[in-house]
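Visitor: Take this structure first; my questions come after.
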Amino acid sequence: MKLSKNTLLIALLLVSFSCQPKSKTLKELAVEPIPEKVTYTTEELQEYETAYFASGCFWCVEAIFESVNGVKEVVSGYSGGPEKNPTYEQVAYGRTRHAEAVEVYYDPEVISFQKLVQVFFGSHDPTSLNRQGPDRGSQYRSIAFYKNKEEKKAIDDYISLLTSESVYDRPIVTEVTKFEIFYDAEDYHQDYERKNPNNSYIRAVSIPRLNRFKKNFGEFLKKDVH
């Protein structure tokens, strides 16, 4: 379906909130209880497949993929640039060519890479160049990473389908990029939306974005998603 005027209006209203460093605090009190989360050891995660995506602030993207059935863990981090060991301050201020990205550990017996691609495109605006909602800059660009020719074909085929069906009013600008390396973000960024539900950015941007995804992709969700 085409992007509605209401969607564009909401984006404009959220301009005052940003995923830039000035609105990201290391600690923020939450009056609501933190939902429990199943945790996995590094050894356990090695049993699953990985996929990599970038589509705006990783707080939002991590929360969305965490809600998907078959996804075991999501790590926020940086990818898409040549710089080694980037920090949040460097990436967030556009001092590297990396984007805020996520590493998705998933069970291919429950959810396929192709369906993860659908989640990716269905949870952000792939026609927005270097911007998602109030967040601007190449560090927030849309990227679908592939590790092999099968994954590249899955991404390309889905873009072709979206284009042929005229799902969007504007061309899709998502980068289809060969995966090279992923750097974990600092610890305080991990599970940020879940741990900080009362952060102003989380309340104004992340939670509404997650709720829109849940409304449109109910069949993809875990039973206990918060």
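Letters for chains follow the order of the structure tokens (A, B, ...), residue numbers begin at 1 for each chain, and ligand numbers begin at 1 in the order shown.
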Run DSSP on the backbone of this structure and report the residues of stretch 29-210 of chain A it assigns to helix (DSSP H, G or I), as a ChimeraX atom specification.

Guide: /A:42-45,58-66,88-92,113-122,138-140,149-164,187-189,192-195,200-210

Visitor: Pick out the residues sitting within 12 Å of A:Ser76, and hand them over as number ranges by chain; count only C-alpha atoms, and ignore anything fewer than 2 positions along from it in its own chain.

Guide: A: 52-66, 73-74, 78-79, 88, 99-105, 182-193

Visitor: Next, dump the selected residues to file, keeping only N, CA, C and O atoms, as a compact mmCIF listing (two decimals), in the first residue's frame.

Guide:
```txt
# COMPACT_ATOMS: atom_id res chain seq x y z
N TYR A 52 21.71 -9.35 8.53
CA TYR A 52 22.13 -8.00 8.90
C TYR A 52 21.32 -6.96 8.13
O TYR A 52 21.18 -7.06 6.90
N PHE A 53 20.81 -5.97 8.86
CA PHE A 53 19.99 -4.93 8.25
C PHE A 53 20.28 -3.59 8.92
O PHE A 53 20.67 -3.53 10.08
N ALA A 54 20.02 -2.51 8.17
CA ALA A 54 20.09 -1.15 8.70
C ALA A 54 18.88 -0.39 8.19
O ALA A 54 18.62 -0.40 6.98
N SER A 55 18.14 0.24 9.10
CA SER A 55 16.95 0.99 8.67
C SER A 55 16.59 2.07 9.67
O SER A 55 15.46 2.18 10.12
N GLY A 56 17.59 2.87 10.04
CA GLY A 56 17.35 3.92 11.00
C GLY A 56 17.94 3.61 12.35
O GLY A 56 18.82 2.74 12.48
N CYS A 57 17.48 4.29 13.37
CA CYS A 57 18.00 4.11 14.72
C CYS A 57 17.93 2.65 15.15
O CYS A 57 16.87 2.03 15.09
N PHE A 58 19.06 2.11 15.59
CA PHE A 58 19.06 0.69 15.94
C PHE A 58 18.22 0.36 17.14
O PHE A 58 17.84 -0.79 17.35
N TRP A 59 17.90 1.35 17.97
CA TRP A 59 16.96 1.09 19.06
C TRP A 59 15.64 0.57 18.50
O TRP A 59 15.06 -0.39 19.01
N CYS A 60 15.15 1.24 17.47
CA CYS A 60 13.87 0.87 16.85
C CYS A 60 13.98 -0.48 16.13
O CYS A 60 13.11 -1.35 16.29
N VAL A 61 15.03 -0.64 15.35
CA VAL A 61 15.17 -1.82 14.51
C VAL A 61 15.36 -3.07 15.37
O VAL A 61 14.78 -4.13 15.08
N GLU A 62 16.14 -2.95 16.43
CA GLU A 62 16.34 -4.09 17.33
C GLU A 62 15.02 -4.54 17.93
O GLU A 62 14.71 -5.74 17.96
N ALA A 63 14.22 -3.59 18.40
CA ALA A 63 12.94 -3.93 19.03
C ALA A 63 12.00 -4.63 18.06
O ALA A 63 11.29 -5.57 18.43
N ILE A 64 12.00 -4.20 16.81
CA ILE A 64 11.13 -4.80 15.81
C ILE A 64 11.52 -6.25 15.54
O ILE A 64 10.69 -7.17 15.61
N PHE A 65 12.79 -6.49 15.27
CA PHE A 65 13.22 -7.86 14.97
C PHE A 65 13.12 -8.76 16.20
O PHE A 65 12.87 -9.96 16.07
N GLU A 66 13.31 -8.20 17.40
CA GLU A 66 13.16 -8.99 18.61
C GLU A 66 11.73 -9.52 18.76
O GLU A 66 11.50 -10.54 19.42
N GLU A 73 17.91 -13.66 18.95
CA GLU A 73 18.62 -12.54 19.55
C GLU A 73 18.89 -11.49 18.48
O GLU A 73 19.04 -11.81 17.31
N VAL A 74 18.91 -10.23 18.91
CA VAL A 74 19.25 -9.13 18.02
C VAL A 74 20.27 -8.25 18.72
O VAL A 74 20.08 -7.88 19.89
N TYR A 78 27.18 -1.56 14.29
CA TYR A 78 27.55 -0.71 13.16
C TYR A 78 28.09 -1.57 12.03
O TYR A 78 28.86 -2.51 12.24
N SER A 79 27.71 -1.20 10.79
CA SER A 79 28.18 -1.93 9.62
C SER A 79 28.03 -1.05 8.39
O SER A 79 27.34 -0.03 8.43
N TYR A 88 30.10 4.76 19.01
CA TYR A 88 28.80 5.38 18.80
C TYR A 88 28.92 6.86 18.45
O TYR A 88 28.26 7.36 17.53
N ALA A 99 26.66 2.55 9.12
CA ALA A 99 25.27 2.84 9.49
C ALA A 99 24.96 2.12 10.79
O ALA A 99 25.59 1.11 11.13
N GLU A 100 24.00 2.66 11.54
CA GLU A 100 23.50 1.92 12.69
C GLU A 100 22.78 0.69 12.14
O GLU A 100 21.89 0.82 11.29
N ALA A 101 23.16 -0.48 12.59
CA ALA A 101 22.65 -1.73 12.01
C ALA A 101 22.33 -2.73 13.11
O ALA A 101 22.60 -2.49 14.29
N VAL A 102 21.74 -3.84 12.71
CA VAL A 102 21.46 -4.92 13.66
C VAL A 102 21.94 -6.25 13.11
O VAL A 102 21.94 -6.48 11.91
N GLU A 103 22.35 -7.11 14.04
CA GLU A 103 22.71 -8.49 13.74
C GLU A 103 21.58 -9.35 14.28
O GLU A 103 21.30 -9.32 15.47
N VAL A 104 20.94 -10.09 13.40
CA VAL A 104 19.76 -10.88 13.76
C VAL A 104 20.12 -12.37 13.77
O VAL A 104 20.51 -12.93 12.74
N TYR A 105 20.01 -13.01 14.92
CA TYR A 105 20.18 -14.46 15.02
C TYR A 105 18.80 -15.09 14.90
O TYR A 105 17.90 -14.76 15.67
N PHE A 182 30.61 -6.69 11.15
CA PHE A 182 29.65 -6.05 12.06
C PHE A 182 30.35 -5.79 13.37
O PHE A 182 31.01 -6.67 13.93
N TYR A 183 30.21 -4.57 13.89
CA TYR A 183 30.78 -4.20 15.17
C TYR A 183 29.65 -4.00 16.18
O TYR A 183 28.74 -3.21 15.94
N ASP A 184 29.72 -4.69 17.30
CA ASP A 184 28.71 -4.51 18.35
C ASP A 184 28.75 -3.08 18.88
O ASP A 184 29.83 -2.50 19.07
N ALA A 185 27.57 -2.52 19.12
CA ALA A 185 27.49 -1.21 19.77
C ALA A 185 27.80 -1.36 21.25
O ALA A 185 27.83 -2.47 21.80
N GLU A 186 28.00 -0.25 21.91
CA GLU A 186 28.27 -0.24 23.34
C GLU A 186 27.14 -0.91 24.12
O GLU A 186 26.00 -0.92 23.69
N ASP A 187 27.48 -1.46 25.27
CA ASP A 187 26.54 -2.27 26.04
C ASP A 187 25.23 -1.53 26.33
O ASP A 187 24.15 -2.14 26.31
N TYR A 188 25.30 -0.23 26.61
CA TYR A 188 24.07 0.46 27.02
C TYR A 188 23.07 0.60 25.88
O TYR A 188 21.90 0.91 26.11
N HIS A 189 23.50 0.36 24.65
CA HIS A 189 22.56 0.42 23.52
C HIS A 189 21.75 -0.88 23.37
O HIS A 189 20.70 -0.88 22.73
N GLN A 190 22.25 -1.97 23.93
CA GLN A 190 21.60 -3.26 23.74
C GLN A 190 20.29 -3.32 24.53
O GLN A 190 20.26 -2.96 25.71
N ASP A 191 19.22 -3.76 23.87
CA ASP A 191 17.89 -3.86 24.49
C ASP A 191 17.43 -2.51 25.05
O ASP A 191 16.72 -2.45 26.06
N TYR A 192 17.81 -1.43 24.39
CA TYR A 192 17.54 -0.11 24.95
C TYR A 192 16.04 0.18 25.04
O TYR A 192 15.56 0.70 26.05
N GLU A 193 15.30 -0.17 24.01
CA GLU A 193 13.85 0.10 24.04
C GLU A 193 13.18 -0.67 25.16
O GLU A 193 12.32 -0.13 25.86
```

Visitor: Quick one: distance from atom CA of A:Glu83 to atom CA of A:Lys178 in Å, one decimal?

Guide: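 Straight-line distance from atom CA of A:Glu83 to atom CA of A:Lys178 works out to 15.9 Å.
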
Visitor: DSSP on the backbone: what in stretch 31-224 of chain A comes out strand (DSSP E), as an mmCIF file with C-alpha atoms, in the first residue's frame?

Guide:
```cif
data_model
loop_
_atom_site.group_PDB
_atom_site.id
_atom_site.type_symbol
_atom_site.label_atom_id
_atom_site.label_comp_id
_atom_site.auth_asym_id
_atom_site.auth_seq_id
_atom_site.Cartn_x
_atom_site.Cartn_y
_atom_site.Cartn_z
ATOM 1 C CA GLU A 49 21.810 -18.237 11.199
ATOM 2 C CA THR A 50 22.558 -14.518 11.079
ATOM 3 C CA ALA A 51 21.170 -11.678 8.974
ATOM 4 C CA TYR A 52 22.126 -7.997 8.900
ATOM 5 C CA PHE A 53 19.992 -4.929 8.253
ATOM 6 C CA ALA A 54 20.091 -1.155 8.705
ATOM 7 C CA SER A 55 16.953 0.989 8.665
ATOM 8 C CA VAL A 71 14.376 -14.613 15.998
ATOM 9 C CA LYS A 72 16.505 -15.636 18.970
ATOM 10 C CA GLU A 73 18.621 -12.540 19.546
ATOM 11 C CA VAL A 74 19.246 -9.127 18.015
ATOM 12 C CA VAL A 75 22.408 -7.111 18.571
ATOM 13 C CA SER A 76 22.683 -3.396 17.857
ATOM 14 C CA GLY A 77 25.859 -2.259 16.153
ATOM 15 C CA TYR A 78 27.554 -0.711 13.164
ATOM 16 C CA SER A 79 28.185 -1.932 9.624
ATOM 17 C CA ALA A 99 25.272 2.838 9.488
ATOM 18 C CA GLU A 100 23.495 1.921 12.695
ATOM 19 C CA ALA A 101 22.651 -1.728 12.010
ATOM 20 C CA VAL A 102 21.459 -4.917 13.665
ATOM 21 C CA GLU A 103 22.714 -8.485 13.741
ATOM 22 C CA VAL A 104 19.763 -10.884 13.760
ATOM 23 C CA TYR A 105 20.184 -14.455 15.024
ATOM 24 C CA TYR A 106 17.336 -16.583 13.715
ATOM 25 C CA ARG A 131 16.711 9.390 6.794
ATOM 26 C CA GLN A 132 14.175 7.519 8.900
ATOM 27 C CA ASP A 135 16.803 10.838 12.185
ATOM 28 C CA ARG A 136 18.885 12.273 9.344
ATOM 29 C CA SER A 142 18.467 1.782 4.503
ATOM 30 C CA ILE A 143 20.708 -1.235 3.834
ATOM 31 C CA ALA A 144 19.907 -4.904 3.269
ATOM 32 C CA PHE A 145 23.113 -6.900 3.634
ATOM 33 C CA TYR A 146 23.660 -10.256 1.925
ATOM 34 C CA GLU A 175 21.336 -0.291 -0.609
ATOM 35 C CA VAL A 176 21.853 -3.979 -1.346
ATOM 36 C CA THR A 177 25.331 -4.527 0.048
ATOM 37 C CA LYS A 178 27.607 -7.515 0.517
ATOM 38 C CA TYR A 183 30.777 -4.205 15.175
ATOM 39 C CA ASP A 184 28.714 -4.506 18.353
#
```
